[in-house]
Each structure stands twice: as structure tokens, then as C-alpha cells.
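All remarks here apply to the structure that follows.
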Amino acid sequence: MKIAIAGYGLEGRANLEYFRAKFPRAEFTIFDEDESIDTCHYECNEESIENRADSSAKSQNDNNVKFVLGEGALEKIRGFDLVLRSPSIAPYRIPSNNQKVWSATNEFFAECPAPIIGVTGTKGKGTTSSFIAEILRATGRTVHLIGNIGVPALEVLTRIRPNDVVVYELSSFQLWDMDNSPHIAVMTLIEPDHLDIHTDFAEYLAAKSRIFQFQKTHDAAIYHENDALVKEMVETATEQTGAGKIPFLNKKFVHIKQGKFYYNDSEICATTAVKLPGEHNLRNAAAAISAVVAVVSTNSASPNITPDLKQAIKTGLANFHGLPHRLKFVREVGGIKFYDDSIATTPGSAIAAVKSFDEPKILIVGGHDKGADYGGLGETIDRANIRQILAIGANRQKVAQQISAKTTKPIRLLDSQNLAEIVQIAYQTAEPGDIVILSPAAASFDMFHDYQDRGQQFIAAVKDLRK
């Protein structure tokens, strides 16, 4: 059996480990356009350069593992029994020549013995997934939190038992070619994103919609009551599948009233159980509560929210103190508070960050462009208590232009590629009582390895500040 692995990042490596165990006699070839990846993970001791005019890719062998790397590598995926697509590789980039194209997500859904709660959306999916996991753990269940949140699904598949629960954070790239859907599908808010990868917003929406597309009558689709795009998506899907519709923030389901979470008329707990700043995190919590109620209750249409479940919800919400680089407090220096929101790669995420604080703010925004429009962020800034916007990164000119078209708040363009220098400028600009937020509303690949690298450099720079 000949198996190709397209993309050799975190999930690609997990694919190799899992399928080597499943098919120990198979021959594997790993295809990646990055020539710098570590091919000696399997102690490769032989190297050859392919003498072919159509490619400069290099190949290496380790028993039944071969590497094909470099520009044009993906075009060489031909003649395989199975092709495993990593999320970073668009399906249309894999040659179509009667090869079965599969993914870790499809494999997981086909083989997982436990119920799956899938969570997607443009923003809030990581936080919502984490809230769900913490609440379920508070009920005494064994929970596996996997997927886009950083844990490859196939890395844990063999450890999952039927009575466990899986919470799977799903990106559009993981959903792109899905042929299954989770038992409980949750979608947070949607806005244009990844338009540097998807051909257009319609393709992005089509990928996201697959989380509902293959549900069955006993499944549930959970969605934001006021997001018209998602609502239409759910209504279209459920007409075909017969799955139940559960809109959160709807008064008949989980909603917020007078500082408390309710399910219909049943009070659950105070919103102060949520320890994360911002109204958007209360919405994320409402989505999470909806998912837990659907899983725990034997009748999701008329659930019995017991005192024990209410306590578990309160405990689970309180136990979660946020994910790294998601509007996390870093340090206060000279009366100025610094927050790391490096995960904010869309304007909507930056809007949520700006709305989370009433204090005067210095906003650091900009980076690698993903095709987003910053007009809405400009409108939010115009209504917010903003002292200054610092536009950085490759798309700083675009960011400044689109924001300044909506507000007269001061914008400063910074050419610096040094985040420590940018943090120092923000510190000098701010006054005691102000908040400095790194919420770029763009990807990180212009100046950093990824959003985590950007966040870590920000944290380090803030910790090095002196009064």
C-alpha cells in the first residue's frame, strides 16, 4: 500500500505515526514545499537529489518513509492508494487522478467511539471549546479537547473510550473536505477570514457549513441567534438533515438576563462565574452551556437542568482562565496595563478586544494581510476610548487607510520590525490608567513564525519594560 502525506506540520507528523501503526507494511511518502523541515525525525541516513527537470525537490528515505520537499512537491502526488491532506493544504492543490484523498479529521470521525462536540466559527471557537471541556470535566466526565486548539486528533484517538466525550475545535481548513458531522455542532460568529487561502468568502462559508451538513435527526446544531449568515446556514442544513436547532441567546434557550445565565426560565448561575473580560466571552460561555446541556440531557428539546448540572456549569466556567495569547493580562508597568491578544487575526477579534475595556487604550494592529476589511474596526475605534492606534506590519498602510476613513482618532504608522521597540513606543505613548492591547487583526507571518511567536515576543518585551 502506498500512502502520501501532504504537509508535514504538527498534524502531518501525527498522521504518519497513526497510519504507520495502522498499516505497518505500507510505503509512505511525505510531500511538503518547505525544504527546511526536519526529515531526520526517523533517523534518515540516505539522501538523494532527484534528477528531474520539472522539480528541484529533494527526497530522503528511511525504510518505508520517503520525503519529497521543495517547490513543486505537491504536484508530484500521483499514483497513491491513499493521500492524507493536512489542514494547511487546500484540497484543490492535490492532483486528482483516482487517488483517495483523506484527512485526519475524516479518519477521526470515522473511527472515534465517543460522542463528538464540534466547534467552529471565525472567532471564539477555542474559548468556547475550552469552556465546554471544563464544564464537562466538572460533571465528572473524561473529556478530550483536540483539533485546531493544538492537539492533533489522531494523537489521542486510540485512548478514547465510548463513555468519554470529545470536544473538537474545527477550522475551515479541517472542515473543507469533511464527509461527516459531529453529534453536537456549535458555530460561533462568522466574518470574512482566510481569504488569502480560500478563493472567496463563499468558499469559506461553504467549508464552515459542513459542520452541519452530515448531521442526523438525533443531532443538534447550536448557533448564535443574531448571526444571520449562520442562521441561514443552519436552517438550510437542518431542513435536509432533520437535526435539532438550538440558538443560544434566544430566550427559549440559553441566554443572559440581568447578569445571569438562564435556560428558558431556569436560572443557571451568575455571569461573574466567567473570569475572562469582554461581552464576547459571555457569548462564548452561553454557546458552551448550550452544548453541555445538549450532551448531558436525555431530552435536549426539554432538558432537565438539575442543581448538580448548574453547579458544574458554574464550576467549569470559573475554572477556565483563558487560553494563551487570547486577551491575556501580561503585566502592569507604571500604572499601564498590557494585554496580549496575538490570536486576534481578524478585525472582529480586535473589535471584541477594544469593546472589552472602558479605559483609554493604545491599540497595536496590523500584520500579514488575509484580505479583511478594517472599516468596521475603524467604526468601533471611533466610538471607543482610544488614545492612539499603532499600525505595524506588512499591511499597516491598508490598516491605517481603512481605519482613518472611519475615525479621526490618531493613527501612527511604525516601520519597525522589532516588537520590543514597538512596545516601548506604546509605553511612552500611554499614560497611567491606560491599557495597551496587542490585537493585530491580521496574521503574523510577515514578522513572526506564527501568532504564538508574536505573542511570546510581546510578553518578553513587556516584561523587559522599566518604569
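Going through the C-alpha cells in order, the chains are called A, B, and so on, while each chain numbers its residues from 1 and the ligands are numbered from 1 in the order shown.
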
Enumerate the residues of region 131-274 of chain A with a DSSP assignment of strand (DSSP E), computed from the backbone, and present them as a short mmCIF file (atom, residue, chain, number, x, y, z; two decimals) with C-alpha atoms, in the first residue's frame.
data_model
loop_
_atom_site.label_atom_id
_atom_site.label_comp_id
_atom_site.auth_asym_id
_atom_site.auth_seq_id
_atom_site.Cartn_x
_atom_site.Cartn_y
_atom_site.Cartn_z
CA VAL A 143 -13.01 14.83 28.10
CA HIS A 144 -10.59 15.02 25.16
CA LEU A 145 -10.06 18.58 23.86
CA ILE A 146 -8.48 18.29 20.42
CA GLY A 147 -8.12 19.76 16.95
CA VAL A 165 -16.64 12.97 25.35
CA VAL A 166 -14.62 14.64 22.58
CA VAL A 167 -14.56 18.40 22.08
CA TYR A 168 -13.10 19.08 18.63
CA GLU A 169 -12.19 22.63 17.60
CA ILE A 184 -23.34 18.38 18.58
CA ALA A 185 -22.20 21.09 16.16
CA VAL A 186 -21.52 24.58 17.53
CA MET A 187 -20.87 27.62 15.41
CA ALA A 220 -28.11 19.21 17.36
CA ALA A 221 -26.96 22.40 15.62
CA ILE A 222 -26.08 25.19 18.05
CA TYR A 223 -25.63 28.70 16.68
CA HIS A 224 -25.68 32.40 17.51
CA GLY A 244 -32.44 19.94 16.07
CA LYS A 245 -31.81 23.70 16.10
CA ILE A 246 -30.59 25.29 19.34
CA PRO A 247 -29.98 29.05 19.06
CA PHE A 248 -28.08 30.49 22.01
CA VAL A 254 -29.53 29.71 26.94
CA HIS A 255 -29.48 33.48 27.28
CA ILE A 256 -28.25 36.24 29.56
CA LYS A 257 -30.55 38.39 31.68
CA LYS A 260 -27.21 35.75 35.00
CA PHE A 261 -27.30 32.80 32.61
CA TYR A 262 -30.70 31.26 32.05
CA TYR A 263 -32.08 28.29 30.15
CA SER A 266 -34.49 28.42 34.68
CA GLU A 267 -31.69 30.40 36.30
CA ILE A 268 -28.29 28.68 35.97
CA CYS A 269 -25.64 30.91 37.54
CA ALA A 270 -24.31 34.46 37.62
#

- Selection near Asp177 (chain A), 12 Å with only C-alpha atoms, sequence-local residues under 2 positions removed, as a ChimeraX atom specification: /A:84-87,89-92,100-107,171-175,179-181,203-204,206-211,213-214

- Note on the structure: From the list A:Asp265, A:Leu414, A:Ile392, A:Val365, the nearest residue to Phe253 (chain A) using only C-alpha atoms is A:Asp265

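Across the model, the gap from CA of Asn418 (chain A) to CA of Gln401 (chain A) is 22.4 Å.
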
- Show which residues sit within 10 Å of Gly278 (chain A), as a ChimeraX atom specification. Count only C-alpha atoms, and ignore same-chain residues fewer than 5 positions away. /A:283,327,352-357

Dump N, CA and C atoms for the selected residues as a JSON list (two decimals), in the first residue's frame?
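What follows is the written file again_36.json:
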[["chain", "number", "residue", "atom", "x", "y", "z"],
["A", 283, "ARG", "N", -20.85, 35.53, 25.55],
["A", 283, "ARG", "CA", -21.49, 34.83, 24.44],
["A", 283, "ARG", "C", -20.86, 33.45, 24.22],
["A", 327, "LEU", "N", -6.35, 37.76, 24.70],
["A", 327, "LEU", "CA", -6.67, 38.87, 25.58],
["A", 327, "LEU", "C", -6.24, 38.57, 27.01],
["A", 352, "ALA", "N", -13.75, 43.01, 19.39],
["A", 352, "ALA", "CA", -14.12, 42.45, 20.69],
["A", 352, "ALA", "C", -13.15, 42.89, 21.77],
["A", 353, "ALA", "N", -11.85, 42.95, 21.44],
["A", 353, "ALA", "CA", -10.84, 43.38, 22.42],
["A", 353, "ALA", "C", -11.05, 44.83, 22.81],
["A", 354, "VAL", "N", -11.28, 45.69, 21.82],
["A", 354, "VAL", "CA", -11.50, 47.11, 22.09],
["A", 354, "VAL", "C", -12.72, 47.32, 22.98],
["A", 355, "LYS", "N", -13.77, 46.54, 22.73],
["A", 355, "LYS", "CA", -15.01, 46.68, 23.49],
["A", 355, "LYS", "C", -14.91, 46.12, 24.91],
["A", 356, "SER", "N", -13.84, 45.38, 25.19],
["A", 356, "SER", "CA", -13.73, 44.71, 26.49],
["A", 356, "SER", "C", -13.31, 45.64, 27.62],
["A", 357, "PHE", "N", -12.83, 46.84, 27.29],
["A", 357, "PHE", "CA", -12.31, 47.75, 28.31],
["A", 357, "PHE", "C", -12.84, 49.17, 28.07]]

- Task: Extract, using only C-alpha atoms, all DNA, RNA and protein residues at most 6 Å from region 287-289 of chain A, discarding same-chain residues fewer than 6 positions from it, and format them as JSON, numbers by chain.
- Result: {"A": [128, 131, 132, 248]}

Output file for the selection above: C-alpha atoms, as an mmCIF file, in the first residue's frame:
data_model
loop_
_atom_site.group_PDB
_atom_site.id
_atom_site.type_symbol
_atom_site.label_atom_id
_atom_site.label_comp_id
_atom_site.auth_asym_id
_atom_site.auth_seq_id
_atom_site.Cartn_x
_atom_site.Cartn_y
_atom_site.Cartn_z
ATOM 1 C CA THR A 128 -15.949 28.048 23.570
ATOM 2 C CA PHE A 131 -15.464 26.240 28.335
ATOM 3 C CA ILE A 132 -17.281 23.096 27.152
ATOM 4 C CA PHE A 248 -28.082 30.491 22.010
#

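Each of A:Ile305, A:Leu16, A:Val296, A:Ile94 was checked against Arg137 (chain A) using only C-alpha atoms; the smallest atom-to-atom distance is that of A:Val296.
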